[in-house]
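Novice: Coordinates in query24.txt, compact mmCIF, C-alpha atoms and all ligand atoms, are listed below.
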```txt
# COMPACT_ATOMS: atom_id res chain seq x y z
CA MET A 23 -0.61 1.89 22.23
CA THR A 24 2.02 -0.24 23.99
CA ASP A 25 3.39 -3.47 22.48
CA ALA A 26 1.31 -5.48 24.96
CA THR A 27 -1.93 -3.99 23.65
CA VAL A 28 -1.10 -4.29 19.93
CA ARG A 29 -2.77 -7.20 18.17
CA ALA A 30 -1.56 -6.30 14.71
CA LYS A 31 0.83 -3.76 13.27
CA LEU A 32 0.10 -2.69 9.70
CA LEU A 33 2.14 -0.70 7.22
CA GLY A 34 0.28 1.71 4.92
CA LEU A 35 1.92 2.61 1.60
CA PRO A 36 0.43 5.40 -0.56
CA GLY A 37 1.34 5.14 -4.24
CA SER A 38 1.58 8.92 -4.55
CA LEU A 39 4.12 11.39 -3.17
CA ARG A 40 2.07 14.58 -3.28
CA SER A 41 1.17 16.14 0.05
CA ASN A 42 -2.54 16.48 -0.78
CA SER A 43 -2.79 12.93 -2.13
CA ASN A 44 -6.16 11.20 -2.12
CA SER A 45 -4.34 7.88 -1.63
CA LEU A 46 -2.74 9.24 1.52
CA ALA A 47 -6.14 10.55 2.66
CA VAL A 48 -7.63 7.07 2.20
CA LEU A 49 -4.88 5.62 4.41
CA ARG A 50 -5.39 8.35 7.02
CA GLY A 51 -9.12 7.62 7.12
CA LEU A 52 -8.47 3.90 7.55
CA GLN A 53 -5.84 4.57 10.19
CA GLY A 54 -8.37 6.50 12.26
CA ALA A 55 -11.06 3.83 11.91
CA LEU A 56 -9.04 0.72 12.78
CA PRO A 57 -9.89 -1.32 15.88
CA ALA A 58 -8.18 0.04 18.99
CA ASP A 59 -5.67 -2.82 19.11
CA VAL A 60 -4.55 -2.46 15.49
CA GLY A 61 -2.00 0.15 14.51
CA MET A 62 -0.88 1.40 11.11
CA ASP A 63 2.24 3.35 10.24
CA ILE A 64 2.07 5.23 6.95
CA ARG A 65 5.29 5.35 4.98
CA ASP A 66 6.29 7.61 2.11
CA LEU A 67 7.65 5.77 -0.96
CA ARG A 68 10.28 8.37 -1.82
CA LEU A 69 13.16 6.05 -2.71
CA PRO A 70 15.99 6.20 -5.25
CA LEU A 71 15.28 4.70 -8.66
CA TYR A 72 15.86 0.98 -8.66
CA ASP A 73 19.36 0.17 -9.90
CA GLN A 74 20.70 -3.36 -9.62
CA ASP A 75 24.23 -1.93 -9.50
CA ILE A 76 23.55 -0.35 -6.10
CA ASP A 77 21.38 -3.19 -4.74
CA GLY A 78 22.92 -5.73 -2.35
CA PRO A 79 24.43 -5.36 1.12
CA ASP A 80 25.42 -1.76 0.34
CA ALA A 81 21.97 -0.70 -0.92
CA PRO A 82 20.91 2.82 0.15
CA ALA A 83 19.95 3.17 3.83
CA GLU A 84 16.38 4.22 3.00
CA VAL A 85 15.95 0.99 1.02
CA HIS A 86 17.11 -1.09 4.00
CA ALA A 87 14.71 0.85 6.23
CA PHE A 88 11.83 0.29 3.77
CA ARG A 89 12.51 -3.46 3.58
CA GLN A 90 12.77 -3.60 7.37
CA ALA A 91 9.44 -1.80 7.79
CA ILE A 92 7.76 -4.42 5.58
CA ALA A 93 9.45 -7.27 7.44
CA GLU A 94 8.28 -5.92 10.81
CA ALA A 95 4.66 -5.36 9.73
CA ASP A 96 2.02 -8.04 10.19
CA GLY A 97 0.36 -6.86 6.99
CA VAL A 98 0.67 -4.18 4.34
CA VAL A 99 -2.05 -1.92 2.92
CA ILE A 100 -1.19 -0.41 -0.47
CA VAL A 101 -3.40 2.44 -1.68
CA THR A 102 -2.67 3.28 -5.29
CA PRO A 103 -3.89 5.93 -7.71
CA GLU A 104 -3.89 5.23 -11.45
CA TYR A 105 -1.51 6.97 -13.83
CA ASN A 106 -2.12 6.49 -17.54
CA TYR A 107 -4.06 3.26 -17.03
CA GLY A 108 -1.40 1.77 -14.79
CA MET A 109 0.25 1.93 -11.39
CA PRO A 110 2.44 4.99 -10.70
CA GLY A 111 6.15 4.53 -11.29
CA VAL A 112 6.78 5.51 -7.67
CA LEU A 113 4.91 2.43 -6.47
CA LYS A 114 6.40 0.05 -9.03
CA ASN A 115 9.85 1.34 -8.09
CA ALA A 116 9.21 0.70 -4.40
CA LEU A 117 7.84 -2.78 -5.08
CA ASP A 118 10.90 -3.59 -7.19
CA TRP A 119 13.18 -2.62 -4.28
CA ALA A 120 10.99 -4.62 -1.88
CA SER A 121 11.11 -7.66 -4.18
CA ARG A 122 14.82 -8.16 -3.52
CA PRO A 123 17.03 -9.89 -2.36
CA TYR A 124 15.80 -12.57 -4.73
CA GLY A 125 14.21 -15.41 -2.76
CA LYS A 126 14.50 -13.42 0.48
CA SER A 127 12.13 -10.50 -0.16
CA ALA A 128 10.26 -9.24 2.88
CA LEU A 129 7.13 -9.48 0.72
CA ILE A 130 7.29 -13.27 0.33
CA GLY A 131 4.26 -14.63 2.16
CA LYS A 132 3.46 -11.17 3.54
CA PRO A 133 -0.28 -10.45 3.71
CA VAL A 134 -1.03 -7.47 1.47
CA LEU A 135 -4.31 -5.65 0.81
CA VAL A 136 -4.51 -3.52 -2.33
CA VAL A 137 -6.84 -0.53 -2.58
CA SER A 138 -7.12 1.65 -5.68
CA ASN A 139 -8.77 5.05 -5.98
CA SER A 140 -9.43 7.77 -8.49
CA PRO A 141 -11.43 10.95 -8.90
CA ALA A 142 -12.91 9.08 -11.89
CA PHE A 143 -15.71 6.55 -11.43
CA THR A 144 -13.33 3.80 -12.67
CA GLY A 145 -11.55 3.92 -9.29
CA GLY A 146 -8.08 3.08 -10.60
CA VAL A 147 -9.07 -0.51 -11.35
CA ARG A 148 -6.42 -0.88 -14.06
CA ALA A 149 -3.67 0.14 -11.66
CA HIS A 150 -5.16 -2.27 -9.12
CA GLN A 151 -4.68 -5.16 -11.53
CA GLN A 152 -1.07 -4.23 -12.20
CA VAL A 153 -0.27 -4.05 -8.49
CA ASN A 154 -1.87 -7.48 -8.02
CA ASP A 155 0.27 -8.93 -10.83
CA THR A 156 3.47 -7.54 -9.32
CA LEU A 157 2.59 -8.87 -5.87
CA LEU A 158 1.86 -12.30 -7.36
CA ALA A 159 5.29 -12.23 -9.05
CA VAL A 160 6.85 -11.61 -5.65
CA SER A 161 4.79 -14.35 -3.90
CA ALA A 162 3.14 -11.94 -1.49
CA ASP A 163 0.01 -13.23 0.23
CA LEU A 164 -2.51 -11.09 -1.63
CA VAL A 165 -5.83 -10.72 0.19
CA SER A 166 -8.40 -12.24 -2.15
CA GLY A 167 -12.09 -11.51 -2.46
CA PRO A 168 -13.84 -8.36 -3.57
CA GLN A 169 -11.41 -5.74 -4.83
CA VAL A 170 -11.41 -2.45 -2.98
CA VAL A 171 -11.80 0.11 -5.77
CA ILE A 172 -12.80 3.62 -4.70
CA GLY A 173 -14.31 5.74 -7.47
CA THR A 174 -15.09 9.48 -7.26
CA VAL A 175 -12.78 9.51 -4.27
CA GLY A 176 -12.70 13.32 -3.96
CA GLU A 177 -16.33 13.29 -2.79
CA LYS A 178 -15.44 10.81 -0.04
CA ILE A 179 -12.62 12.79 1.57
CA LYS A 180 -12.89 15.60 4.10
CA ASP A 181 -10.05 17.45 5.81
CA GLY A 182 -7.45 15.08 4.34
CA LYS A 183 -9.18 11.87 5.41
CA LEU A 184 -11.51 9.31 3.87
CA VAL A 185 -14.83 9.80 5.68
CA ASP A 186 -17.35 7.91 3.53
CA GLU A 187 -18.99 5.46 5.95
CA ALA A 188 -19.90 2.82 3.36
CA VAL A 189 -16.42 2.78 1.81
CA LEU A 190 -14.75 2.70 5.23
CA LYS A 191 -16.95 -0.20 6.35
CA PHE A 192 -16.27 -2.21 3.20
CA THR A 193 -12.52 -1.54 3.32
CA LEU A 194 -12.28 -2.33 7.05
CA GLY A 195 -13.93 -5.69 6.30
CA MET A 196 -11.05 -6.43 3.94
CA VAL A 197 -8.55 -5.19 6.54
CA ASP A 198 -10.05 -7.82 8.87
CA LYS A 199 -9.20 -10.42 6.25
CA LEU A 200 -5.68 -9.03 6.05
CA ILE A 201 -5.24 -9.32 9.81
CA ALA A 202 -6.66 -12.86 9.77
CA ALA A 203 -4.18 -13.79 7.02
CA ALA A 204 -1.44 -12.62 9.38
CA GLY A 205 -2.79 -15.02 12.01
CA LYS A 206 -3.66 -12.16 14.38
C1 LIG B 301 0.35 11.53 -14.92
C2 LIG B 301 -1.08 11.30 -14.52
C3 LIG B 301 -1.81 10.33 -15.15
C4 LIG B 301 -3.11 10.06 -14.74
N1 LIG B 301 -3.80 9.03 -15.32
C5 LIG B 301 -4.98 8.64 -14.80
C6 LIG B 301 -5.62 7.45 -15.26
O1 LIG B 301 -5.17 6.77 -16.13
N2 LIG B 301 -6.78 7.08 -14.65
C7 LIG B 301 -7.33 7.80 -13.63
O2 LIG B 301 -8.37 7.38 -13.12
N3 LIG B 301 -6.77 8.95 -13.18
C8 LIG B 301 -5.59 9.37 -13.74
N4 LIG B 301 -4.97 10.50 -13.28
C9 LIG B 301 -5.64 11.32 -12.25
C10 LIG B 301 -5.28 10.80 -10.86
O3 LIG B 301 -6.17 9.76 -10.53
C11 LIG B 301 -5.39 11.94 -9.86
O4 LIG B 301 -4.47 12.95 -10.18
C12 LIG B 301 -5.18 11.47 -8.45
O5 LIG B 301 -5.59 12.49 -7.57
C13 LIG B 301 -3.76 11.05 -8.17
O6 LIG B 301 -3.67 10.36 -6.95
P1 LIG B 301 -3.31 11.08 -5.55
O7 LIG B 301 -4.45 12.00 -5.23
O8 LIG B 301 -3.19 9.95 -4.57
O9 LIG B 301 -2.01 11.83 -5.74
C14 LIG B 301 -3.69 10.81 -13.69
C15 LIG B 301 -2.94 11.81 -13.07
C16 LIG B 301 -1.65 12.05 -13.48
C17 LIG B 301 -0.84 13.13 -12.77
```
Could you spell out this file's structure in structure tokens?
Ligand SMILES: Cc1cc2nc3c(=O)[nH]c(=O)nc-3n(C[C@H](O)[C@H](O)[C@H](O)COP(=O)(O)O)c2cc1C
Specialist:
Amino acid sequence: MTDATVRAKLLGLPGSLRSNSNSLAVLRGLQGALPADVGMDIRDLRLPLYDQDIDGPDAPAEVHAFRQAIAEADGVVIVTPEYNYGMPGVLKNALDWASRPYGKSALIGKPVLVVSNSPAFTGGVRAHQQVNDTLLAVSADLVSGPQVVIGTVGEKIKDGKLVDEAVLKFTLGMVDKLIAAAGK
């Protein structure tokens, strides 16, 4: 895809670091099912632990790169698992980095779609709510409407990708809303 043919550029963030992550598989499935003129880069959230002492102009290079990737995206898709009834620390840590500099966060006004998933039928809905609250605190432009909550996700993944047609269709409908929120 060349720049001239790209209508919207999305950033996919999995809330899990493990290589065989279901959250990553959901993003890969979405990535493969997007309209031809929409692209999505998937970015690993392996960042140092948030420390206000090292934040500022001299923040770690990977933090600058992460903030830059958000700034350059038309919209962000976060796919989170649930850990102990909440969002994983890895994701909260990344969102805390992204929330700064105060008043200048790349997330302010940024369209964001949240998707949760779990091998359990509950689909990570409690983590979903926590991610929403954090994004509201940061003044991101959270895509509203039906929440994308994927239960029994293991049955919907094949060869490292989400393949369930009904879930893909529903989620892509919300991705359309994300792209519309970006004015694309
Ligand atoms: C520390 C830990 C806590 C977990 N707590 C929950 C939980 O509260 N609710 C839930 O649905 N699944 C829970 N799980 C199971 C995860 O949903 C499951 O491991 C999932 O595959 C993790 O996401 P990933 O595949 O994207 O890495 C937990 C897993 C771990 C490792």
Novice: Find the residues of range 23-67 of chain A that sit at most 12 Å from range 83-88 of chain A; for each, write down the nearest two atoms and how far apart they are in Å, to one decimal. Count all atoms listed in the file. Sort by chain, then by number going up, and give it as a tab-separated table.
Specialist:
```
residue	atom	partner	partner_atom	distance
A:Leu33	CA	A:Phe88	CA	10.3
A:Gly34	CA	A:Phe88	CA	11.7
A:Leu35	CA	A:Phe88	CA	10.4
A:Asp63	CA	A:Phe88	CA	12.0
A:Ile64	CA	A:Phe88	CA	11.4
A:Arg65	CA	A:Phe88	CA	8.4
A:Asp66	CA	A:Phe88	CA	9.3
A:Leu67	CA	A:Phe88	CA	8.4
```
Novice: Give the residues close to ligand LIG 301 (chain B), within 10 Å, counting only C-alpha atoms and all ligand atoms; write them as a ChimeraX atom specification.
Specialist: /A:36-48,101-111,138-149,173-176
Novice: Hey, which bits of range 65-177 of chain A sit within 10 Å of range 181-205 of chain A, and for each residue what's the closest pair of atoms and how far apart in Å (one decimal), counting all atoms listed in the file, rows by chain and increasing number, as a Markdown table?
Specialist:
```
| residue | atom | partner | partner_atom | distance |
| --- | --- | --- | --- | --- |
| A:Ala95 | CA | A:Ala204 | CA | 9.5 |
| A:Asp96 | CA | A:Ala204 | CA | 5.8 |
| A:Gly97 | CA | A:Leu200 | CA | 6.5 |
| A:Val98 | CA | A:Leu200 | CA | 8.2 |
| A:Val99 | CA | A:Val197 | CA | 8.1 |
| A:Gly131 | CA | A:Ala204 | CA | 9.4 |
| A:Lys132 | CA | A:Ala204 | CA | 7.8 |
| A:Pro133 | CA | A:Leu200 | CA | 6.1 |
| A:Val134 | CA | A:Leu200 | CA | 6.7 |
| A:Leu135 | CA | A:Leu200 | CA | 6.4 |
| A:Val136 | CA | A:Met196 | CA | 9.5 |
| A:Val137 | CA | A:Thr193 | CA | 8.3 |
| A:Asp163 | CA | A:Ala203 | CA | 8.0 |
| A:Leu164 | CA | A:Leu200 | CA | 8.6 |
| A:Val165 | CA | A:Leu200 | CA | 6.1 |
| A:Ser166 | CA | A:Lys199 | CA | 8.6 |
| A:Gly167 | CA | A:Met196 | CA | 8.2 |
| A:Pro168 | CA | A:Met196 | CA | 8.2 |
| A:Gln169 | CA | A:Met196 | CA | 8.8 |
| A:Val170 | CA | A:Thr193 | CA | 6.5 |
| A:Val171 | CA | A:Thr193 | CA | 9.3 |
| A:Ile172 | CA | A:Val189 | CA | 7.5 |
| A:Gly173 | CA | A:Val189 | CA | 10.0 |
| A:Val175 | CA | A:Leu184 | CA | 8.2 |
| A:Gly176 | CA | A:Leu184 | CA | 8.9 |
| A:Glu177 | CA | A:Asp186 | CA | 8.4 |
```
Novice: CA of Val153 in chain A and CA of Leu49 in chain A are how many Å apart?
Specialist: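 Here the two named atoms are 16.8 Å from each other.
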Novice: Neighbours of Met62 in chain A within 6 Å (only C-alpha atoms; same-chain residues fewer than 5 positions away dropped), as a PyMOL selection string?
Specialist: chain A and resi 31-33+53
Novice: Take CA of Ala120 in chain A and CA of Asn154 in chain A and report the distance between them in Å, one decimal.
Specialist: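 Between CA of Ala120 in chain A and CA of Asn154 in chain A the gap works out to 14.5 Å.
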Novice: Counting only C-alpha atoms, which residue out of A:Lys126, A:Lys178, A:Thr27, A:Ala162 sits closest to Gly78 in chain A?
Specialist: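 When distances to Gly78 in chain A are compared using only C-alpha atoms, the smallest one comes from A:Lys126.
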Novice: Calculate how many Å separate CA of Leu69 in chain A from CA of Ile92 in chain A, rounding to one decimal.
Specialist: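 Straight-line distance from CA of Leu69 in chain A to CA of Ile92 in chain A works out to 14.4 Å.
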Novice: Ranking A:Pro79, A:Leu71, A:Thr156, A:Arg29 by minimum distance to Leu56 in chain A and counting only C-alpha atoms, which one comes first?
Specialist: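 Of the candidates, the smallest distance to Leu56 in chain A is held by A:Arg29.
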Novice: Which residue out of A:Val160, A:Val60, A:Leu117, A:Ile130 has the minimum interatomic distance to Ala30 in chain A when all atoms listed in the file are used?
Specialist: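 Closest to Ala30 in chain A of all the choices is A:Val60.
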Novice: When distances are computed from only C-alpha atoms, which of A:Leu113, A:Val28, A:Ala93, A:Ser161 shows the smallest separation from Asp59 in chain A?
Specialist: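 Closest residue, counting only C-alpha atoms: A:Val28.
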